[in-house]
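See below for the structure under consideration.
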Amino acid sequence: MALEKIFQPLKIGPITVPNRVTRSAHGGLEMSPRMTDDYIAYHARRGSGGCGLTILGAASVHPSSMLYPYGLFYDGIVDDYRRLMAAVEPSPMKVFAQLWHGGNLYPAQDGGPPWAVSDVPGMTGLVGQRMSEAMIEEVIGAYVRCARHARDGGLHGIEIHAAHGYLPQQFLSEIYNDRADGWGGSLENRMRFLLEIVRQVRSAVGGTMAVGVRLAASDMPGGVDEGINIKVLERLQAENLIDYVNISRGDYYRMDTMVGAMQNPTGYEVPSSGTIAAAATVPRLLAGRYRTLDDAEQLLRDGTADLVSMVRAQIADPDLVNKTREGRALEVRPCIGCNQHFRGGRWGCAVNAAAGIESRYDEALITLTETPRKVLVVGGGPAGLEAARVAAMRGHKVTLCEASPRLGGQLDIARLAPHSAGFGDIALWLEAEVYRLGVEVRLNTFMEEDEVIAEMADHVIVATGSVPRMDAQQHTLPSQLVPGADMPHVVSTAELLREKKPRGRTALVLDTVGDYEGLAATEHLLAQGLSVTYVTAQAALAWKNERSLAAWERFQALGGFTLLVRHHLVEIRENDVMVRPYLAAMQQVTAVPADTVVLITPNKPLREIHEALAPGNPNIRIVGDAREPRDLLRAIWEGHAAAREIH
Ligand SMILES: Cc1cc2nc3c(=O)[nH]c(=O)nc-3n(C[C@H](O)[C@H](O)[C@H](O)COP(=O)(O)O)c2cc1C
Ligand code: SF4
C-alpha cells in the first residue's frame, strides 16, 4: 500500500505534528519519584526513530491518588521536563503530558484512602474518601498547576486522562457518582468536573499548547458507554475546549480491552472508539494493536481517525517509522501482543531487550567490534536466535547449531495454540534477521561436547533449552508421587499441539506453572470438543499470565470447562484422575474423568554442555531455558546480554 496520509503533518491547535504516528501514553518507567535518565532516553529514542507525537505516561497531579511513585507535582519537574525536551529536540517529535488522577482505583501517596467521587468501592477494591467541594477545587487546581509545569518545561501539549475508569470518568459514571450536590445527578452535573478541569487548563496554557482529552467507553454493564462519551465530546467541542480527542476503549473491568493482546485483531478498539470518533469535529487519535504503517494508513484512509496510536509497536521497535520509510519494513521487529512488560524485575518488552534501558542498551549503540571472534551458539530457540543476531550485529563470525529441522524452539510450539500465532511472528523475524546478518545456520545438528570443542570457537553460548519432565512433580507437594504418570494417554503440551490427537472425550490439565501452556493446552482440548478440568494447587487459572481473563471468557463460550483450584493430583488411572484438595485429609480424594491427561510442570533444563565445558572457562555462557526454564522475555534478554558481553 502506498503510504501517503501517514507521513502528512497535522495541525493540532497551535502546534503541528510532523506525521500521524503517535505513541499514546504508556506507563512503566515511573518507578522513581523523579524523572530518570532512562525515562528521557526512552522518549528521545522514539523521536529519533521517527514517531510524530509522544504522550508521556499517565502520572498523578495530586498526592491523593498515585499510579506510581512518580507524580507531576514535585519541585524540580520543570527542570526535568527541560532535560527531556533537550534530549528530544534533535527530532521533530512533539511531546504532550497526560494529566491523571486515579480516584478510587489507586491509593494516596501515604498509602491511605484516595480522594474519590464517592465511597463506592473501586474496581481495585479500594474505598475512596468522598471529596468535599474544597477537595474538588484543590484537585482541579492541581491539574492546572501541572499543566503550567509542562508548559514551562517546554512541552507541546496537555492531555486530560478522562478514560479507563479514572477520577474524571468516575464523576461521569452513574455507578460511582452517587452525589446529590452540583457534581452529581444529571449528566450535565456529572460532566462538570471534567469540563471545569479542561476550561481552567485551557485558559492557563491554551493558545501555546495543544489541549485534548482521552475518552473511552467501558465494557462494564452500566458503565460509561459510547453514548455518554459522545455527549461529553460534543459538550467539549461546543465550548471549543479541546484541540484533539484521543479515544481508547475499556477500563479495569476488563484490562484486556484497554490493552488488547495477541488474541485481539488489529483495530479491535474501533467498533467502540470509532463510534465516538464519528461525533468529533477535532482531530481524532485512535489505538488498537496497529503494528505496521500499512495498517495505520488504512485507518487514516477509512476516514475513521486523523492520528494512529502505535504504542506497543514502537516499544517493540523504536525505528518502526524510519525503517518503513526507508523501505525496510520487513526489518521492523514485531510486537507480538504478549503484554509481558512487568516480568523482568523492571519495565520492559519481551522482544526488545533494550526497551526502557536505551541509555545503556539501545541497539543504535551497538558498534562493530575491532576484534571479531568466532562465536558458536548451540540452540535455535529465542535465546539462541537473539544471541546469534546480536553477536552478528557486532561483527562476530557466528555459527548457530540447532538440533531440530526448524528454528524457533518453544516459540515453534507456542504458536500452534489457539490465539497464539504472535509467537510465530517473533520466531520468523529472528530467523529472517540471523540469515540477513550472515549467521551460518546449521539445522538438524545436535552438538555433543566433543563437537563443541572441535569447533574451536572463541565464545560459546549454550541455548539448548528445556524439555518437559513428565513425572507429575508437584512442587507444592513434592512428597506426593503420582502413579500413572507414565501411561500413554499422559502427554506434554508440545506433544498435544504438535502430534498427538487427544484420546476420548474428557481431559485433565495439571498446571503447576501458571503461564501460557495451561491456557494453550486447555483451549486446544476444548476446541477439539473435549470436556476439560484444569487442576492447580494455586488459587486461579494461569495466575502468572497476562491473557488469562480473555482466555477464561473464551473457555466459558466454548463450554465444557471446569476450574479446580487448590487441588493436587494423587493418581492417574486409565479414564480418570484421583485428586485431593490442598491440605485435605489423605482419604479425601475424588475422581475427575480424564481420557487424556496433560502435565504442565516446570521443564527440565538441558545444561549438559555447559556443565561439562564451562567450569574455568568464562567464554562459555548459558542463556534462556537452559539456564532456567522461564519465559520469552527472559530468554531474549539473556541471549541479548550474553552476545553484548563478548569482546
Ligand atoms: C505498559 C502500558 C502502559 C499503559 N499506560 C497508559 C497510560 O499511562 N495512559 C493511557 O492513557 N494509556 C495507557 N496505556 C494504553 C495505551 O495508551 C494504548 O491505548 C494501548 O496500549 C493500545 O494501543 P497499542 O495497541 O498501540 O499498544 C498503556 C499501555 C501499556 C501497554
Ligand atoms: S512486551 Fe509484548 S506486547 Fe509489549 S511491546 Fe513487547 S512484544 Fe508487544
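Every chain in the C-alpha cells has a letter given in the order shown (A, B, ...), and although residue numbers restart at 1 in each chain, ligands are simply numbered from 1 in the order shown.
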
Which chain A residues have any atom within 7 Å of an atom of ligand 2, and for each, what is the nearest pair of atoms with distance in Å to one decimal, counting only C-alpha atoms and all ligand atoms, rows sorted by chain and number, as a tab-separated table?
```
residue	atom	partner	partner_atom_place_in_ligand_line	distance
A:Ala261	CA	ligand 2	3 (S)	6.7
A:Arg312	CA	ligand 2	5 (S)	4.0
A:Ala313	CA	ligand 2	5 (S)	6.1
A:Ile315	CA	ligand 2	5 (S)	4.8
A:Ala316	CA	ligand 2	5 (S)	4.7
A:Pro334	CA	ligand 2	7 (S)	6.9
A:Cys335	CA	ligand 2	8 (Fe)	3.7
A:Ile336	CA	ligand 2	7 (S)	4.4
A:Gly337	CA	ligand 2	3 (S)	3.6
A:Cys338	CA	ligand 2	2 (Fe)	3.9
A:Asn339	CA	ligand 2	3 (S)	3.8
A:Gln340	CA	ligand 2	1 (S)	4.4
A:His341	CA	ligand 2	1 (S)	4.7
A:Gly348	CA	ligand 2	1 (S)	6.6
A:Cys349	CA	ligand 2	1 (S)	3.7
A:Ala350	CA	ligand 2	1 (S)	4.4
A:Val351	CA	ligand 2	7 (S)	5.2
A:Asn352	CA	ligand 2	6 (Fe)	6.4
```

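For ligand 1, the set of protein, DNA and RNA residues within 7 Å, based on only C-alpha atoms and all ligand atoms, reads Ser24, Ala25, His26, Gly27, Gly28, Gly57, Ala58, His161, Arg214, Ser248, Met258, Val259, Gly260, Ala287, Gly288, Arg289, Tyr290, Ser309, Met310, Val311, Arg312, Ala313, Asn339 and His341 of chain A.
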
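Separating atom CA of A:Tyr253 from atom CA of A:Met31 is a distance of 24.5 Å.
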
### Query
What are the DSSP helix (DSSP H, G or I) residues of stretch 392-478 of chain A, as a PyMOL selection string?
chain A and resi 392-393+410-414+422-436+449-454

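Across the model, the gap from atom CA of A:Asn177 to atom CA of A:Gln200 is 22.0 Å.
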
### Query
Between A:Val205, A:Val211, A:Leu481, A:Ile636, which one has atoms that come closest to A:Leu411, using only C-alpha atoms?
A:Ile636

Please provide as a PDB file with C-alpha atoms, in the first residue's frame all residues within 10 Å of A:Gln480, with the sequence filter that same-chain residues fewer than 6 positions apart are discarded (counting only C-alpha atoms).
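This went into selection_1.pdb:
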```pdb
ATOM      1  CA  ALA A 472       3.903 -35.126  37.559  1.00  0.00           C
ATOM      2  CA  GLN A 473       6.203 -33.469  40.109  1.00  0.00           C
ATOM      3  CA  GLN A 474       4.038 -31.003  42.068  1.00  0.00           C
ATOM      4  CA  HIS A 568      -3.256 -31.821  43.954  1.00  0.00           C
ATOM      5  CA  LEU A 569      -3.108 -34.911  41.777  1.00  0.00           C
ATOM      6  CA  VAL A 570      -2.970 -38.207  43.666  1.00  0.00           C
ATOM      7  CA  GLU A 571      -3.098 -40.885  40.968  1.00  0.00           C
TER       8      GLU A 571
END
```

### Message
List as a PyMOL selection string the protein and nucleic acid residues near A:Leu400, meaning an atom at most 9 Å away when only C-alpha atoms are counted, but skip any in the same chain fewer than 6 places from it.
### Response
chain A and resi 375-380+384-385+388+439-443

Let's have the selection written as a PDB file, in the first residue's frame, with C-alpha atoms.
```pdb
ATOM      1  CA  VAL A 375      31.078 -17.432  18.221  1.00  0.00           C
ATOM      2  CA  LEU A 376      29.210 -20.725  18.435  1.00  0.00           C
ATOM      3  CA  VAL A 377      25.572 -20.630  19.548  1.00  0.00           C
ATOM      4  CA  VAL A 378      24.140 -24.015  20.466  1.00  0.00           C
ATOM      5  CA  GLY A 379      20.353 -23.976  20.193  1.00  0.00           C
ATOM      6  CA  GLY A 380      17.993 -22.057  17.893  1.00  0.00           C
ATOM      7  CA  GLY A 384      19.937 -18.611  20.885  1.00  0.00           C
ATOM      8  CA  LEU A 385      18.481 -16.691  17.943  1.00  0.00           C
ATOM      9  CA  ALA A 388      23.272 -15.025  17.307  1.00  0.00           C
ATOM     10  CA  VAL A 439      24.892 -16.098  10.609  1.00  0.00           C
ATOM     11  CA  GLU A 440      25.827 -19.600   9.476  1.00  0.00           C
ATOM     12  CA  VAL A 441      22.800 -21.695  10.457  1.00  0.00           C
ATOM     13  CA  ARG A 442      23.153 -25.473  10.731  1.00  0.00           C
ATOM     14  CA  LEU A 443      19.845 -27.284  11.216  1.00  0.00           C
TER      15      LEU A 443
END
```

### Summary
atom CA of A:Arg179 to atom CA of A:Pro107 measures 21.0 Å

List every residue of stretch 581-629 of chain A that DSSP, applied to the backbone of this structure, assigns to strand (DSSP E), and report them as a PDB file with N, CA and C atoms, in the first residue's frame.
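That gives us result-v3.pdb:
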```pdb
ATOM      1  N   PRO A 581      -8.111 -32.069  47.679  1.00  0.00           N
ATOM      2  CA  PRO A 581      -7.942 -30.648  47.983  1.00  0.00           C
ATOM      3  C   PRO A 581      -6.634 -30.409  48.739  1.00  0.00           C
ATOM      4  N   THR A 590     -11.239 -37.462  45.220  1.00  0.00           N
ATOM      5  CA  THR A 590     -12.358 -37.637  44.293  1.00  0.00           C
ATOM      6  C   THR A 590     -11.795 -37.946  42.914  1.00  0.00           C
ATOM      7  N   ALA A 591     -12.639 -38.541  42.076  1.00  0.00           N
ATOM      8  CA  ALA A 591     -12.195 -38.912  40.727  1.00  0.00           C
ATOM      9  C   ALA A 591     -12.678 -37.867  39.723  1.00  0.00           C
ATOM     10  N   VAL A 592     -11.753 -37.396  38.868  1.00  0.00           N
ATOM     11  CA  VAL A 592     -12.105 -36.473  37.775  1.00  0.00           C
ATOM     12  C   VAL A 592     -11.977 -37.258  36.474  1.00  0.00           C
ATOM     13  N   PRO A 593     -13.044 -37.319  35.658  1.00  0.00           N
ATOM     14  CA  PRO A 593     -12.943 -38.072  34.404  1.00  0.00           C
ATOM     15  C   PRO A 593     -11.850 -37.494  33.508  1.00  0.00           C
ATOM     16  N   THR A 596      -7.654 -38.139  28.559  1.00  0.00           N
ATOM     17  CA  THR A 596      -6.341 -37.580  28.207  1.00  0.00           C
ATOM     18  C   THR A 596      -5.874 -36.741  29.388  1.00  0.00           C
ATOM     19  N   VAL A 597      -4.586 -36.839  29.701  1.00  0.00           N
ATOM     20  CA  VAL A 597      -4.030 -36.038  30.802  1.00  0.00           C
ATOM     21  C   VAL A 597      -2.839 -35.245  30.260  1.00  0.00           C
ATOM     22  N   VAL A 598      -2.840 -33.933  30.520  1.00  0.00           N
ATOM     23  CA  VAL A 598      -1.714 -33.092  30.096  1.00  0.00           C
ATOM     24  C   VAL A 598      -0.993 -32.616  31.352  1.00  0.00           C
ATOM     25  N   LEU A 599       0.322 -32.842  31.387  1.00  0.00           N
ATOM     26  CA  LEU A 599       1.111 -32.432  32.553  1.00  0.00           C
ATOM     27  C   LEU A 599       1.905 -31.179  32.222  1.00  0.00           C
ATOM     28  N   ILE A 600       1.674 -30.135  32.999  1.00  0.00           N
ATOM     29  CA  ILE A 600       2.446 -28.902  32.817  1.00  0.00           C
ATOM     30  C   ILE A 600       3.123 -28.580  34.142  1.00  0.00           C
ATOM     31  N   LYS A 604      12.568 -29.389  32.402  1.00  0.00           N
ATOM     32  CA  LYS A 604      13.914 -29.795  32.808  1.00  0.00           C
ATOM     33  C   LYS A 604      14.907 -29.094  31.884  1.00  0.00           C
ATOM     34  N   PRO A 605      15.819 -28.296  32.459  1.00  0.00           N
ATOM     35  CA  PRO A 605      16.780 -27.595  31.599  1.00  0.00           C
ATOM     36  C   PRO A 605      17.810 -28.551  31.012  1.00  0.00           C
ATOM     37  N   ILE A 620      32.239 -19.468  28.015  1.00  0.00           N
ATOM     38  CA  ILE A 620      31.096 -20.346  27.733  1.00  0.00           C
ATOM     39  C   ILE A 620      29.939 -19.880  28.605  1.00  0.00           C
ATOM     40  N   ARG A 621      28.904 -19.368  27.955  1.00  0.00           N
ATOM     41  CA  ARG A 621      27.779 -18.778  28.687  1.00  0.00           C
ATOM     42  C   ARG A 621      26.530 -19.627  28.479  1.00  0.00           C
ATOM     43  N   ILE A 622      25.615 -19.525  29.423  1.00  0.00           N
ATOM     44  CA  ILE A 622      24.357 -20.268  29.293  1.00  0.00           C
ATOM     45  C   ILE A 622      23.193 -19.290  29.410  1.00  0.00           C
TER      46      ILE A 622
END
```

### Task
Do a neighbour search on A:Glu138 at 12 Å with only C-alpha atoms, toss out local chain neighbours closer than 4 positions, and write the hits as a ChimeraX atom specification.
/A:61-64,115,131-134,142-145,193,197

Got time to write the residues from that selection, N, CA, C and O atoms, as a short mmCIF file (atom, residue, chain, number, x, y, z; two decimals), in the first residue's frame?
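Below is the file again.cif, written as the result:
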```cif
data_model
loop_
_atom_site.label_atom_id
_atom_site.label_comp_id
_atom_site.auth_asym_id
_atom_site.auth_seq_id
_atom_site.Cartn_x
_atom_site.Cartn_y
_atom_site.Cartn_z
N VAL A 61 -1.52 14.16 39.33
CA VAL A 61 -1.44 15.61 39.53
C VAL A 61 -1.48 15.97 41.00
O VAL A 61 -1.24 17.12 41.36
N HIS A 62 -1.78 14.97 41.85
CA HIS A 62 -2.03 15.31 43.27
C HIS A 62 -1.75 14.06 44.11
O HIS A 62 -2.11 12.95 43.70
N PRO A 63 -1.15 14.23 45.29
CA PRO A 63 -0.77 13.03 46.07
C PRO A 63 -1.96 12.23 46.61
O PRO A 63 -1.76 11.18 47.23
N SER A 64 -3.17 12.67 46.36
CA SER A 64 -4.33 11.94 46.91
C SER A 64 -4.67 10.68 46.12
O SER A 64 -5.60 9.95 46.50
N TRP A 115 -8.62 10.16 47.34
CA TRP A 115 -9.76 11.06 47.18
C TRP A 115 -10.55 10.57 45.97
O TRP A 115 -9.97 10.28 44.92
N MET A 131 -14.94 13.31 48.14
CA MET A 131 -14.33 14.64 48.12
C MET A 131 -15.35 15.72 48.48
O MET A 131 -16.48 15.71 47.97
N SER A 132 -14.90 16.64 49.31
CA SER A 132 -15.72 17.82 49.62
C SER A 132 -15.56 18.81 48.47
O SER A 132 -14.69 18.65 47.60
N GLU A 133 -16.36 19.85 48.51
CA GLU A 133 -16.25 20.92 47.50
C GLU A 133 -14.82 21.46 47.46
O GLU A 133 -14.23 21.65 46.40
N ALA A 134 -14.24 21.68 48.66
CA ALA A 134 -12.89 22.25 48.71
C ALA A 134 -11.87 21.27 48.13
O ALA A 134 -10.92 21.68 47.44
N ALA A 142 -4.81 21.44 40.98
CA ALA A 142 -3.60 20.64 40.77
C ALA A 142 -3.41 20.32 39.29
O ALA A 142 -2.28 20.33 38.78
N TYR A 143 -4.51 20.04 38.59
CA TYR A 143 -4.41 19.82 37.13
C TYR A 143 -3.81 21.06 36.47
O TYR A 143 -2.93 20.97 35.61
N VAL A 144 -4.30 22.22 36.87
CA VAL A 144 -3.84 23.47 36.24
C VAL A 144 -2.36 23.69 36.54
O VAL A 144 -1.57 24.03 35.64
N ARG A 145 -1.97 23.47 37.79
CA ARG A 145 -0.56 23.67 38.16
C ARG A 145 0.35 22.74 37.35
O ARG A 145 1.40 23.14 36.84
N PHE A 193 -17.00 18.19 36.51
CA PHE A 193 -15.61 18.05 36.99
C PHE A 193 -14.65 18.10 35.80
O PHE A 193 -13.69 18.87 35.78
N ILE A 197 -12.02 21.16 34.72
CA ILE A 197 -10.57 20.93 34.55
C ILE A 197 -10.13 21.48 33.19
O ILE A 197 -9.17 22.24 33.08
#
```

### Task
May I have the residues within 8 Å of stretch 449-453 of chain A as JSON, numbers by chain, using only C-alpha atoms and disregarding those fewer than 6 positions away in the same chain?
{"A": [609, 612, 613]}

For A:Asp119, work out the shell of residues within 6 Å, counting only C-alpha atoms and skipping chain neighbours fewer than 4 positions away, then give it as a compact mmCIF listing (two decimals) with C-alpha atoms, in the first residue's frame.
```txt
# COMPACT_ATOMS: atom_id res chain seq x y z
CA VAL A 127 -12.81 2.56 49.31
CA GLY A 128 -12.17 6.20 48.49
CA GLN A 129 -12.71 9.32 50.55
CA ARG A 130 -15.70 11.27 49.21
```

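The nearest approach to A:Arg503 among the residues A:His489, A:Arg566, A:His475, A:Arg34, with only C-alpha atoms taken into account, belongs to A:His489.
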